[in-house]
Every structure is written in structure tokens, then in C-alpha cells.
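One file, target27.txt, is given below (compact mmCIF, C-alpha atoms and all ligand atoms).
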# COMPACT_ATOMS: atom_id res chain seq x y z
CA MET F 381 -8.94 22.51 -36.65
CA LYS F 382 -6.00 23.86 -34.66
CA PRO F 383 -4.55 21.52 -32.00
CA SER F 384 -5.12 22.77 -28.47
CA VAL F 385 -3.36 22.71 -25.11
CA LEU F 386 -4.87 23.16 -21.67
CA MET F 387 -2.52 24.58 -19.04
CA THR F 388 -3.92 23.15 -15.80
CA ASP F 389 -2.30 25.70 -13.46
CA THR F 390 0.60 28.07 -13.08
CA ILE F 391 2.66 29.69 -10.32
CA PHE F 392 4.12 32.27 -12.68
CA PRO F 393 2.79 35.84 -12.89
CA ASP F 394 1.34 35.45 -16.39
CA THR F 395 1.21 33.06 -19.34
CA SER F 396 2.79 35.38 -21.92
CA LEU F 397 5.77 33.13 -22.56
CA GLU F 398 3.62 30.03 -23.10
CA GLN F 399 1.20 31.95 -25.32
CA GLU F 400 4.07 33.24 -27.45
CA VAL F 401 5.43 29.73 -28.10
CA PHE F 402 1.98 28.26 -28.82
CA ALA F 403 1.00 31.14 -31.14
CA GLU F 404 4.17 30.53 -33.17
CA GLU F 405 3.41 26.80 -33.30
CA GLY F 406 -0.25 27.29 -34.30
CA ILE F 407 -1.60 25.74 -31.08
CA GLU F 408 -4.63 27.10 -29.27
CA PHE F 409 -3.88 27.86 -25.61
CA THR F 410 -6.20 27.91 -22.59
CA LEU F 411 -5.39 28.31 -18.91
CA SER F 412 -7.79 26.41 -16.67
CA PRO F 413 -9.70 28.79 -14.35
CA SER F 414 -9.45 26.31 -11.47
CA GLN F 415 -7.74 23.07 -10.47
CA ASP F 416 -10.63 20.97 -9.15
CA VAL F 417 -11.20 17.59 -10.76
CA LYS F 418 -14.51 18.56 -12.37
CA THR F 419 -13.13 21.68 -14.08
CA LEU F 420 -9.93 19.99 -15.27
CA ALA F 421 -11.78 16.94 -16.59
CA GLU F 422 -14.37 19.14 -18.32
CA SER F 423 -11.91 21.59 -19.91
CA GLY F 424 -9.38 18.83 -20.65
CA LYS F 425 -11.89 16.73 -22.59
CA SER F 426 -11.27 18.41 -25.92
CA ALA F 427 -7.58 19.30 -25.39
CA ASP F 428 -4.84 17.61 -27.44
CA ALA F 429 -2.30 18.19 -24.66
CA LEU F 430 -2.08 19.15 -20.99
CA LEU F 431 0.63 21.37 -19.58
CA VAL F 432 0.88 20.85 -15.82
CA VAL F 433 2.74 22.70 -13.09
CA TYR F 434 1.55 21.58 -9.61
CA ALA F 435 -2.05 20.54 -10.30
CA SER F 436 -2.82 16.98 -9.37
CA VAL F 437 -3.67 15.07 -12.54
CA GLY F 438 -5.02 11.76 -11.33
CA ALA F 439 -6.85 8.87 -12.95
CA ASP F 440 -10.20 10.62 -12.34
CA ILE F 441 -9.17 13.38 -14.76
CA ILE F 442 -7.09 11.31 -17.18
CA GLU F 443 -9.87 8.77 -17.80
CA GLN F 444 -12.11 11.54 -19.09
CA LEU F 445 -9.64 12.99 -21.59
CA GLU F 446 -10.88 12.26 -25.10
CA ARG F 447 -8.20 13.71 -27.43
CA CYS F 448 -5.13 14.12 -25.24
CA LYS F 449 -1.85 12.79 -26.70
CA VAL F 450 0.62 14.15 -24.19
CA ILE F 451 0.81 15.50 -20.64
CA VAL F 452 3.89 17.62 -20.05
CA ARG F 453 4.96 18.37 -16.48
CA ALA F 454 6.69 21.75 -16.38
CA GLY F 455 9.42 20.56 -14.01
CA ILE F 456 11.59 17.54 -13.20
CA GLY F 457 9.45 15.62 -10.68
CA TYR F 458 6.23 14.15 -12.12
CA ASN F 459 4.68 12.59 -9.03
CA ASN F 460 1.53 14.75 -9.46
CA VAL F 461 0.63 12.94 -12.70
CA ASP F 462 -0.77 9.40 -12.58
CA LEU F 463 1.60 7.64 -14.99
CA GLU F 464 -0.27 4.35 -14.95
CA ALA F 465 -3.59 5.95 -15.81
CA ALA F 466 -1.92 7.91 -18.64
CA SER F 467 -0.23 4.78 -20.01
CA ARG F 468 -3.53 2.87 -19.93
CA LYS F 469 -5.05 5.60 -22.09
CA GLY F 470 -2.05 5.61 -24.46
CA ILE F 471 -1.14 9.16 -23.39
CA ARG F 472 2.55 10.04 -23.28
CA VAL F 473 3.87 11.85 -20.21
CA ALA F 474 7.01 13.98 -20.42
CA ASN F 475 9.00 16.23 -18.07
CA VAL F 476 11.66 18.91 -18.42
CA PRO F 477 14.71 17.18 -16.93
CA ASP F 478 17.36 19.78 -17.73
CA TYR F 479 16.77 23.36 -16.62
CA CYS F 480 17.63 23.89 -12.92
CA GLN F 481 20.26 21.43 -11.71
CA GLY F 482 22.61 24.29 -10.83
CA GLU F 483 19.93 26.22 -8.94
CA VAL F 484 18.79 23.19 -6.92
CA ALA F 485 22.39 22.27 -6.08
CA ASP F 486 23.16 25.86 -5.00
CA HIS F 487 20.02 25.93 -2.86
CA THR F 488 20.85 22.56 -1.30
CA LEU F 489 24.26 23.80 -0.22
CA GLY F 490 22.75 27.15 0.78
CA ILE F 491 20.23 25.73 3.26
CA PHE F 492 22.73 23.11 4.42
CA LEU F 493 25.34 25.76 5.24
CA ALA F 494 22.74 28.01 6.85
CA LEU F 495 21.74 25.11 9.12
CA ALA F 496 25.19 23.75 9.89
CA ARG F 497 26.70 27.22 10.47
CA ARG F 498 23.54 28.26 12.41
CA ILE F 499 23.21 31.34 10.19
CA CYS F 500 19.42 31.79 10.43
CA HIS F 501 19.49 31.38 14.21
CA LEU F 502 22.40 33.80 14.70
CA ASN F 503 20.91 36.37 12.33
CA ARG F 504 17.65 36.31 14.27
CA ARG F 505 19.43 36.57 17.64
CA VAL F 506 21.58 39.53 16.57
CA LYS F 507 18.54 41.41 15.28
CA GLU F 508 16.76 40.74 18.58
CA GLY F 509 19.64 42.53 20.31
CA ASN F 510 21.74 39.52 21.40
CA TRP F 511 25.35 39.85 20.20
CA ASN F 512 26.59 36.57 21.64
CA ALA F 513 29.29 34.75 19.68
CA ASN F 514 28.99 31.77 22.02
CA GLU F 515 25.77 30.78 20.31
CA GLY F 516 27.78 29.89 17.20
CA LYS F 517 30.15 27.47 18.84
CA SER F 518 27.94 24.38 18.51
CA ALA F 519 28.41 24.39 14.72
CA PRO F 520 30.16 21.23 13.49
CA ARG F 521 33.39 21.44 11.48
CA LEU F 522 32.57 20.47 7.90
CA GLN F 523 36.02 19.51 6.56
CA GLY F 524 36.59 15.78 6.64
CA LYS F 525 32.95 14.95 7.42
CA THR F 526 30.83 12.64 5.26
CA PHE F 527 28.13 14.10 3.04
CA GLY F 528 25.72 11.34 2.02
CA LEU F 529 23.52 11.46 -1.05
CA LEU F 530 20.38 9.37 -1.23
CA GLY F 531 19.89 9.32 -5.02
CA CYS F 532 22.67 10.52 -7.26
CA GLY F 533 21.43 11.59 -10.68
CA ALA F 534 21.83 14.99 -12.30
CA ILE F 535 21.20 17.09 -9.18
CA GLY F 536 22.99 14.75 -6.77
CA GLN F 537 26.13 14.99 -8.89
CA GLU F 538 26.00 18.80 -8.95
CA VAL F 539 25.53 18.82 -5.18
CA ALA F 540 28.52 16.47 -4.80
CA GLN F 541 30.78 18.81 -6.74
CA ARG F 542 29.85 21.73 -4.47
CA ALA F 543 30.09 19.69 -1.25
CA MET F 544 33.61 18.58 -2.17
CA ALA F 545 34.66 22.22 -2.45
CA PHE F 546 33.88 22.48 1.29
CA GLY F 547 36.21 19.58 2.07
CA LEU F 548 33.42 17.04 2.58
CA GLU F 549 33.81 13.40 1.57
CA VAL F 550 30.84 12.52 -0.65
CA VAL F 551 29.23 9.07 -0.61
CA ALA F 552 26.04 7.98 -2.38
CA TYR F 553 23.44 5.25 -2.29
CA ASP F 554 21.77 4.89 -5.69
CA PRO F 555 20.90 1.37 -6.85
CA TYR F 556 20.81 2.47 -10.50
CA ALA F 557 24.21 4.23 -10.64
CA SER F 558 27.42 2.28 -11.26
CA PRO F 559 30.36 2.65 -8.85
CA GLU F 560 32.58 3.58 -11.82
CA ALA F 561 30.28 6.39 -12.97
CA LEU F 562 30.08 7.77 -9.44
CA SER F 563 33.81 7.51 -8.81
CA GLN F 564 34.45 9.57 -11.94
CA HIS F 565 32.72 12.39 -10.03
CA GLY F 566 34.78 11.68 -6.91
CA ILE F 567 31.80 10.01 -5.17
CA ARG F 568 32.12 6.72 -3.28
CA LYS F 569 29.22 4.38 -3.94
CA ILE F 570 27.57 2.74 -0.94
CA GLU F 571 25.80 -0.55 -1.69
CA ASP F 572 23.66 -0.76 1.42
CA ILE F 573 21.20 1.99 2.34
CA ASP F 574 21.61 1.32 6.08
CA GLN F 575 25.33 1.93 5.74
CA LEU F 576 24.53 5.32 4.21
CA TYR F 577 22.34 6.18 7.22
CA ARG F 578 25.07 5.07 9.61
CA GLU F 579 27.98 6.83 7.84
CA ALA F 580 26.48 10.16 6.80
CA ASP F 581 27.15 13.21 8.94
CA PHE F 582 24.86 15.07 6.56
CA LEU F 583 22.25 13.29 4.45
CA SER F 584 20.82 14.97 1.36
CA LEU F 585 17.89 13.54 -0.62
CA HIS F 586 18.01 13.59 -4.45
CA LEU F 587 15.75 10.72 -5.52
CA PRO F 588 12.27 10.90 -7.09
CA LEU F 589 9.08 10.48 -5.07
CA THR F 590 7.38 7.25 -6.14
CA GLU F 591 5.19 4.67 -4.40
CA SER F 592 8.32 2.81 -3.30
CA THR F 593 10.25 5.88 -2.06
CA LYS F 594 7.34 7.49 -0.20
CA HIS F 595 8.33 8.04 3.47
CA ILE F 596 11.69 6.37 2.84
CA ILE F 597 12.92 8.55 5.70
CA ASP F 598 10.80 7.33 8.58
CA ARG F 599 11.35 6.44 12.23
CA THR F 600 13.36 3.34 11.30
CA ALA F 601 15.66 5.16 8.89
CA LEU F 602 16.11 8.07 11.32
CA SER F 603 16.98 5.69 14.15
CA LYS F 604 20.00 4.44 12.17
CA MET F 605 21.47 7.91 11.74
CA LYS F 606 24.05 9.61 13.97
CA ARG F 607 22.67 11.84 16.72
CA SER F 608 24.81 14.64 15.23
CA ALA F 609 23.45 14.06 11.69
CA MET F 610 21.61 16.72 9.70
CA ILE F 611 19.16 15.98 6.93
CA ILE F 612 18.61 18.09 3.81
CA ASN F 613 15.66 17.67 1.48
CA THR F 614 15.30 19.65 -1.74
CA SER F 615 13.65 16.74 -3.55
CA ARG F 616 10.04 16.04 -2.54
CA GLY F 617 8.31 16.39 0.84
CA GLY F 618 6.66 12.98 0.61
CA LEU F 619 10.05 11.27 0.91
CA ILE F 620 10.05 12.10 4.64
CA GLU F 621 7.49 11.05 7.24
CA GLU F 622 7.24 14.52 8.80
CA ASN F 623 5.87 13.42 12.19
CA ASP F 624 8.77 10.98 12.57
CA LEU F 625 11.24 13.72 11.61
CA TYR F 626 9.68 16.06 14.19
CA THR F 627 9.92 13.43 16.92
CA ALA F 628 13.55 12.61 16.04
CA LEU F 629 14.43 16.32 16.21
CA VAL F 630 12.73 17.07 19.54
CA GLU F 631 14.21 13.92 21.09
CA ASN F 632 17.67 15.00 19.80
CA ARG F 633 18.04 11.77 17.83
CA ILE F 634 19.29 13.85 14.91
CA ALA F 635 20.70 17.38 15.01
CA GLY F 636 18.79 19.34 12.38
CA ALA F 637 16.92 19.52 9.11
CA ALA F 638 17.04 21.91 6.15
CA ILE F 639 14.11 21.44 3.81
CA ASP F 640 12.68 23.09 0.73
CA VAL F 641 9.71 20.79 0.27
CA LEU F 642 6.77 19.56 2.35
CA GLU F 643 4.39 16.68 1.86
CA THR F 644 1.50 19.16 1.54
CA GLU F 645 2.31 22.41 -0.23
CA PRO F 646 1.30 24.97 0.79
CA PRO F 647 0.79 23.50 4.28
CA GLN F 648 -2.85 23.46 5.44
CA SER F 649 -1.98 24.44 9.01
CA THR F 650 1.33 25.42 10.59
CA PRO F 651 3.42 22.22 10.75
CA ALA F 652 5.03 21.45 14.12
CA LEU F 653 8.42 21.50 12.36
CA PHE F 654 8.08 25.29 11.91
CA GLY F 655 8.44 25.75 15.67
CA LEU F 656 11.89 24.15 15.87
CA ASP F 657 15.03 26.26 15.89
CA ASN F 658 17.12 23.50 14.30
CA VAL F 659 14.89 23.39 11.22
CA ILE F 660 15.27 25.66 8.19
CA ILE F 661 12.47 25.76 5.64
CA THR F 662 12.10 27.46 2.27
CA PRO F 663 8.87 27.33 0.21
CA HIS F 664 9.86 24.99 -2.67
CA THR F 665 12.11 27.59 -4.28
CA ALA F 666 15.23 25.52 -5.02
CA PHE F 667 14.55 25.47 -8.77
CA LEU F 668 13.93 29.18 -9.08
CA SER F 669 16.10 31.82 -10.68
CA GLN F 670 15.27 34.42 -13.30
CA ASP F 671 16.97 32.30 -15.93
CA SER F 672 15.69 28.88 -14.89
CA VAL F 673 12.03 29.93 -14.91
CA ALA F 674 12.20 31.32 -18.44
CA GLU F 675 14.06 28.20 -19.59
CA LEU F 676 11.54 25.88 -17.92
CA ARG F 677 8.46 27.57 -19.37
CA LYS F 678 9.92 27.66 -22.87
CA LYS F 679 11.14 24.06 -22.81
CA ALA F 680 7.83 22.75 -21.42
CA SER F 681 5.81 24.56 -24.10
CA LEU F 682 8.15 23.41 -26.87
CA GLU F 683 7.83 19.82 -25.60
CA VAL F 684 4.04 20.06 -26.02
CA ALA F 685 4.47 21.46 -29.54
CA ARG F 686 7.07 18.85 -30.49
CA THR F 687 4.88 15.96 -29.36
CA LEU F 688 1.82 17.27 -31.18
CA ARG F 689 3.91 17.68 -34.33
CA LEU F 690 6.04 14.49 -34.24
CA GLY F 691 4.02 12.14 -32.03
CA THR F 692 6.84 11.54 -29.51
CA PRO F 693 8.17 13.71 -26.71
CA ALA F 694 11.90 14.36 -26.37
CA HIS F 695 11.76 13.40 -22.66
CA PRO F 696 9.11 10.71 -22.10
CA VAL F 697 8.74 9.29 -18.59
CA ASN F 698 6.20 6.54 -19.34
P1 LIG F 701 17.53 12.27 -11.81
O1 LIG F 701 16.51 11.39 -12.42
O2 LIG F 701 18.67 12.75 -12.64
O3 LIG F 701 18.16 11.54 -10.52
C1 LIG F 701 17.40 10.79 -9.60
C2 LIG F 701 18.28 9.67 -9.09
O4 LIG F 701 17.58 8.96 -8.07
C3 LIG F 701 18.63 8.64 -10.19
O5 LIG F 701 20.04 8.52 -10.30
C4 LIG F 701 17.99 7.35 -9.70
O6 LIG F 701 18.76 6.21 -10.00
C5 LIG F 701 17.94 7.58 -8.19
N1 LIG F 701 16.98 6.74 -7.49
C6 LIG F 701 15.76 6.30 -7.92
N2 LIG F 701 15.20 5.54 -6.97
C7 LIG F 701 16.07 5.47 -5.94
C8 LIG F 701 16.07 4.82 -4.67
N3 LIG F 701 15.03 4.07 -4.27
N4 LIG F 701 17.13 5.00 -3.85
C9 LIG F 701 18.17 5.77 -4.23
N5 LIG F 701 18.25 6.38 -5.43
C10 LIG F 701 17.21 6.25 -6.26
O7 LIG F 701 16.73 13.49 -11.18
P2 LIG F 701 17.34 14.87 -10.67
O8 LIG F 701 17.33 15.85 -11.78
O9 LIG F 701 18.60 14.62 -9.97
O10 LIG F 701 16.18 15.32 -9.65
C11 LIG F 701 15.98 14.63 -8.42
C12 LIG F 701 14.68 15.10 -7.78
O11 LIG F 701 14.79 16.47 -7.40
C13 LIG F 701 13.46 15.08 -8.71
O12 LIG F 701 12.84 13.81 -8.70
C14 LIG F 701 12.56 16.14 -8.12
O13 LIG F 701 11.59 15.55 -7.30
C15 LIG F 701 13.48 17.00 -7.28
N6 LIG F 701 13.50 18.40 -7.72
C16 LIG F 701 13.21 19.38 -6.81
C17 LIG F 701 13.24 20.70 -7.18
C18 LIG F 701 12.96 21.80 -6.20
O14 LIG F 701 12.75 22.93 -6.60
N7 LIG F 701 12.98 21.56 -4.91
C19 LIG F 701 13.53 21.09 -8.57
C20 LIG F 701 13.88 19.99 -9.42
C21 LIG F 701 13.85 18.69 -9.01
Would you mind giving the structure from this file in C-alpha cells?
Ligand code: NAI
Amino acid sequence: MKPSVLMTDTIFPDTSLEQEVFAEEGIEFTLSPSQDVKTLAESGKSADALLVVYASVGADIIEQLERCKVIVRAGIGYNNVDLEAASRKGIRVANVPDYCQGEVADHTLGIFLALARRICHLNRRVKEGNWNANEGKSAPRLQGKTFGLLGCGAIGQEVAQRAMAFGLEVVAYDPYASPEALSQHGIRKIEDIDQLYREADFLSLHLPLTESTKHIIDRTALSKMKRSAMIINTSRGGLIEENDLYTALVENRIAGAAIDVLETEPPQSTPALFGLDNVIITPHTAFLSQDSVAELRKKASLEVARTLRLGTPAHPVN
């Protein structure tokens, strides 16, 4: 019997690329018709592998899988897969860690510059008929300011390189990165997270969302930041307590936020943050480019095939 893979969901226009890889590898492919727990558990029961984009694959689904050997998350973050439940069942979980660092770093700098230089605001005002250069004068000078990274792995380092080109001094808090490794990239390591909050003129998040990092940016963290500080999040929405961010912004306790990710995507109702002029939001698009999407889909499918063939994924995360 041919091994089989269930793709739980997709955001891409079709599944031709996945089907091509799986046909070549002799793997039967099915796309789940819906993402509710009952359907995924039912259709996943007989699958040898799951390929997951944004569907939530929790313990309720994982416990019912009978043949599954690997769950591959098509992406870098894997917070939508319950790692503990998978490990209990002896199921490997893997991600695709290396396909969009450049895109995410470009997007991070893009939304940061748009916010700091007030580009979205000015563009809107000009198109409404207000040609008023004075509205641009509140933009901070970037050169010489401190750009703080919370988390400094693959994407953080790419962001650092770009930020330095704008004359920013880059500092990072990352308990798992050595000062030597960071200084090779021109980044000064900060040992104490509170010092990062106090020093950063701009704070950009590049750490994974886990139980211990959930809402790491809350009222307490925000209260330690400069009133002129801006926050950038292209990592995961759940890292920020959005109500606390909203309050800090309306009370002018920080100056602005540029975000690509929300705690609930797509949002169920219009978040209060959408009404603020000093907030820029994009719909979780940092990873996207024509090239990165093709690379991601191919690598994720090949990771499924590799694990079914050899028993171990190239990029396990559990
Ligand atoms: P990575 O694994 O290379 O780097 C993450 C860094 O965070 C590591 O250096 C790690 O030591 C550090 N870290 C872990 N816990 C920490 C903590 N408590 N405090 C400070 N640092 C901590 O991952 P990479 O490739 O840099 O990606 C980072 C995140 O970006 C991913 O977890 C993912 O959620 C997000 N992402 C978002 C995308 C988008 O389209 N918006 C696309 C791709 C990734």
C-alpha cells in the first residue's frame, strides 16, 4: 500500500506543487475539505503524515492519529502544532526553517520605515487633498538610534544587517545566543531583558511563540520602554498582549507599532488597534514572495517524503 499524506489546509491557490512532489515520491495526497477537529481527526486517522499550514493541530486530533509518523509545518513557526501530544504519540514534528529569512527581514524594515517615516499617514493625507509637509516633521531621526532585537536567530540577524545600513546601533536580548556570535554580526548582546526595553528606541520581535513567551510584551514590559519607542512585530501575534499595546498607544506611553501578525488571524472583529493612526498592520505577509512560496511548498513536501522514506526529518523540532 502506498504511504499517504493529509494536507490539513492551505492558503495557496492550488495544490499542484505538492501533488507533483508526492506523485514523484509515490505518496498518495489528500487535501482536507475542512479544518474542524472532527474532520481532521477522521481524515488523519489513516494518514502516514500530516502537512500543516495554519490549521490548529492539537492533542484532540493528534491522539486519534493511528499511522502518522510525521507532522510537517509548512513554515518556520510551529506553535499551531501540539509538540507534547505529538511526542507522546512518538510522532516527529518538523518545520521548514530556511526559506524566507530575507523576505521577513525586508518586510520588518519596510513596515518599520513606513511607521517611523510616517509614510502610510502622509500617503493617505496627500490623496485626501492635504499637501502639508509639516505633518512629516514628527518623524524621528534614525541614525545613531538603538534598534533592539528581542530574539536574534536567523531572521533577527538578517534584520540587524539591514538596520545597520540605516545607521542604527543594533542590540539584542537572546538568552541562547553567545555575545561572541552576536558581535561577529556587529550586534551588542544585552544580558537583561529590562535593559533592552529601557535602551531600545525601536524594538523588533524575532523569537518563537511558546508557552513561556506568550504575551511577553504586556503592560509591564511596555511600561519600561521609552515614550518615543516604536515596536515592530513580524514574529507571532501572541507575543503581544494586544489590549495592553492599545492602551499604551492611546496613552502615548509608546509612539507607534508596526505589526504583521495578530493573536487571532484573521481577526474575528475589527481590533481597536486598526483605528490608530500610529499603527501599521499587514496581514501576515512578511514571508511571502513569488520565490519564497514555491521554495516553502517544495521543501515542506520533500520533508514529508524524506521522513516517510528514512524515518527521520531533516529539521525536527521535537
Ligand atoms: P530562529 O529559531 O532562527 O530564531 C529564534 C531566536 O529566538 C533564537 O535565537 C532563540 O534563541 C531566540 N529565543 C527563544 N526564546 C527566547 C526568549 N525567551 N527571549 C529571547 N530570545 C529567545 O527563528 P527565525 O527563523 O529567526 O524566526 C523567528 C520567528 O519568526 C519564528 O518563530 C516565527 O514565528 C516568525 N516568522 C514569521 C513569519 C511571518 O511571515 N511573519 C515568517 C517566518 C517566521
Check your understanding: Could you name the residues that touch range 462-468 of chain F at 10 Å or less, counting all atoms listed in the file, but leaving out those on the same chain fewer than 6 positions away, as a PyMOL selection string?
Key -> chain F and resi 436-443+445+448-451+474+697-698
Using C-alpha atoms, can you write the selected residues to a file as a PDB file, in the frame of the given file?
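The file below, selection07.pdb, is the result:
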ATOM      1  CA  SER F 436      -2.820  16.980  -9.370  1.00  0.00           C
ATOM      2  CA  VAL F 437      -3.670  15.070 -12.540  1.00  0.00           C
ATOM      3  CA  GLY F 438      -5.020  11.760 -11.330  1.00  0.00           C
ATOM      4  CA  ALA F 439      -6.850   8.870 -12.950  1.00  0.00           C
ATOM      5  CA  ASP F 440     -10.200  10.620 -12.340  1.00  0.00           C
ATOM      6  CA  ILE F 441      -9.170  13.380 -14.760  1.00  0.00           C
ATOM      7  CA  ILE F 442      -7.090  11.310 -17.180  1.00  0.00           C
ATOM      8  CA  GLU F 443      -9.870   8.770 -17.800  1.00  0.00           C
ATOM      9  CA  LEU F 445      -9.640  12.990 -21.590  1.00  0.00           C
ATOM     10  CA  CYS F 448      -5.130  14.120 -25.240  1.00  0.00           C
ATOM     11  CA  LYS F 449      -1.850  12.790 -26.700  1.00  0.00           C
ATOM     12  CA  VAL F 450       0.620  14.150 -24.190  1.00  0.00           C
ATOM     13  CA  ILE F 451       0.810  15.500 -20.640  1.00  0.00           C
ATOM     14  CA  ALA F 474       7.010  13.980 -20.420  1.00  0.00           C
ATOM     15  CA  VAL F 697       8.740   9.290 -18.590  1.00  0.00           C
ATOM     16  CA  ASN F 698       6.200   6.540 -19.340  1.00  0.00           C
TER      17      ASN F 698
END
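You can rank F:Asp574, F:Glu404, F:Asp581, F:Glu483 by their closest distance to Val539 in chain F using only C-alpha atoms, and at the top of that list sits F:Glu483.
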Practice item. Would you list the residues that come within 9 Å of ligand LIG 701 (chain F)? Count all atoms listed in the file and give the answer as a ChimeraX atom specification. Key: /F:455-459,477-481,483-484,487-488,529-538,552-557,573,585-590,592-593,596,613-617,639-641,663-668
Print the selection's residues with C-alpha atoms to a file, as a CSV table (one decimal), keeping the file's coordinate frame.
chain,number,residue,atom,x,y,z
F,455,GLY,CA,9.4,20.6,-14.0
F,456,ILE,CA,11.6,17.5,-13.2
F,457,GLY,CA,9.4,15.6,-10.7
F,458,TYR,CA,6.2,14.2,-12.1
F,459,ASN,CA,4.7,12.6,-9.0
F,477,PRO,CA,14.7,17.2,-16.9
F,478,ASP,CA,17.4,19.8,-17.7
F,479,TYR,CA,16.8,23.4,-16.6
F,480,CYS,CA,17.6,23.9,-12.9
F,481,GLN,CA,20.3,21.4,-11.7
F,483,GLU,CA,19.9,26.2,-8.9
F,484,VAL,CA,18.8,23.2,-6.9
F,487,HIS,CA,20.0,25.9,-2.9
F,488,THR,CA,20.8,22.6,-1.3
F,529,LEU,CA,23.5,11.5,-1.0
F,530,LEU,CA,20.4,9.4,-1.2
F,531,GLY,CA,19.9,9.3,-5.0
F,532,CYS,CA,22.7,10.5,-7.3
F,533,GLY,CA,21.4,11.6,-10.7
F,534,ALA,CA,21.8,15.0,-12.3
F,535,ILE,CA,21.2,17.1,-9.2
F,536,GLY,CA,23.0,14.8,-6.8
F,537,GLN,CA,26.1,15.0,-8.9
F,538,GLU,CA,26.0,18.8,-9.0
F,552,ALA,CA,26.0,8.0,-2.4
F,553,TYR,CA,23.4,5.2,-2.3
F,554,ASP,CA,21.8,4.9,-5.7
F,555,PRO,CA,20.9,1.4,-6.8
F,556,TYR,CA,20.8,2.5,-10.5
F,557,ALA,CA,24.2,4.2,-10.6
F,573,ILE,CA,21.2,2.0,2.3
F,585,LEU,CA,17.9,13.5,-0.6
F,586,HIS,CA,18.0,13.6,-4.4
F,587,LEU,CA,15.8,10.7,-5.5
F,588,PRO,CA,12.3,10.9,-7.1
F,589,LEU,CA,9.1,10.5,-5.1
F,590,THR,CA,7.4,7.2,-6.1
F,592,SER,CA,8.3,2.8,-3.3
F,593,THR,CA,10.2,5.9,-2.1
F,596,ILE,CA,11.7,6.4,2.8
F,613,ASN,CA,15.7,17.7,1.5
F,614,THR,CA,15.3,19.6,-1.7
F,615,SER,CA,13.6,16.7,-3.6
F,616,ARG,CA,10.0,16.0,-2.5
F,617,GLY,CA,8.3,16.4,0.8
F,639,ILE,CA,14.1,21.4,3.8
F,640,ASP,CA,12.7,23.1,0.7
F,641,VAL,CA,9.7,20.8,0.3
F,663,PRO,CA,8.9,27.3,0.2
F,664,HIS,CA,9.9,25.0,-2.7
F,665,THR,CA,12.1,27.6,-4.3
F,666,ALA,CA,15.2,25.5,-5.0
F,667,PHE,CA,14.6,25.5,-8.8
F,668,LEU,CA,13.9,29.2,-9.1
Review point. Which polymer residues have any atom within 12 Å of an atom of Ser681 in chain F, counting all atoms listed in the file, with same-chain residues fewer than 2 positions away left out, as an NGL selection string?
Key: :F and (384-387 or 395-405 or 407-409 or 429-433 or 450-455 or 474-476 or 674-679 or 683-688 or 693)
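Minimum atom-to-atom distance to Arg504 in chain F, evaluated using all atoms listed in the file, belongs to F:Asp657 out of F:Arg607, F:Asp428, F:Asn623, F:Asp657.
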Check your understanding: Excluding same-chain residues fewer than 4 positions from range 618-622 of chain F, what lies within 6 Å of it counting all atoms listed in the file, as a list in words?
Key ->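 After dropping sequence-adjacent residues, the list is Lys594, His595, Ile596, Ile597, Asp598 and Glu643 of chain F.
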For range 412-417 of chain F, supply all heavy atoms and format the output as a short mmCIF file (atom, residue, chain, number, x, y, z; two decimals), in the coordinates of the input.
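Here's the written file selection_36.cif:
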data_model
loop_
_atom_site.label_atom_id
_atom_site.label_comp_id
_atom_site.auth_asym_id
_atom_site.auth_seq_id
_atom_site.Cartn_x
_atom_site.Cartn_y
_atom_site.Cartn_z
N SER F 412 -6.61 26.83 -17.42
CA SER F 412 -7.79 26.41 -16.67
C SER F 412 -8.09 27.42 -15.55
O SER F 412 -7.18 27.84 -14.84
CB SER F 412 -7.57 25.03 -16.07
OG SER F 412 -8.71 24.65 -15.35
N PRO F 413 -9.36 27.80 -15.39
CA PRO F 413 -9.70 28.79 -14.35
C PRO F 413 -9.56 28.21 -12.94
O PRO F 413 -9.43 28.96 -11.98
CB PRO F 413 -11.15 29.14 -14.64
CG PRO F 413 -11.69 27.97 -15.41
CD PRO F 413 -10.53 27.37 -16.16
N SER F 414 -9.63 26.87 -12.81
CA SER F 414 -9.45 26.31 -11.47
C SER F 414 -8.89 24.89 -11.58
O SER F 414 -8.81 24.32 -12.67
CB SER F 414 -10.75 26.37 -10.67
OG SER F 414 -11.40 25.13 -10.72
N GLN F 415 -8.48 24.33 -10.44
CA GLN F 415 -7.74 23.07 -10.47
C GLN F 415 -8.55 21.90 -9.89
O GLN F 415 -8.01 20.84 -9.65
CB GLN F 415 -6.43 23.21 -9.69
CG GLN F 415 -5.36 23.99 -10.43
CD GLN F 415 -5.73 25.44 -10.62
OE1 GLN F 415 -6.11 26.11 -9.66
NE2 GLN F 415 -5.66 25.93 -11.84
N ASP F 416 -9.86 22.10 -9.68
CA ASP F 416 -10.63 20.97 -9.15
C ASP F 416 -10.86 19.94 -10.25
O ASP F 416 -10.80 20.25 -11.45
CB ASP F 416 -11.96 21.45 -8.54
CG ASP F 416 -12.80 22.14 -9.57
OD1 ASP F 416 -12.55 23.34 -9.84
OD2 ASP F 416 -13.67 21.48 -10.16
N VAL F 417 -11.11 18.72 -9.82
CA VAL F 417 -11.20 17.59 -10.76
C VAL F 417 -12.25 17.86 -11.83
O VAL F 417 -12.01 17.64 -13.03
CB VAL F 417 -11.55 16.29 -9.98
CG1 VAL F 417 -11.83 15.14 -10.93
CG2 VAL F 417 -10.41 15.93 -9.04
#
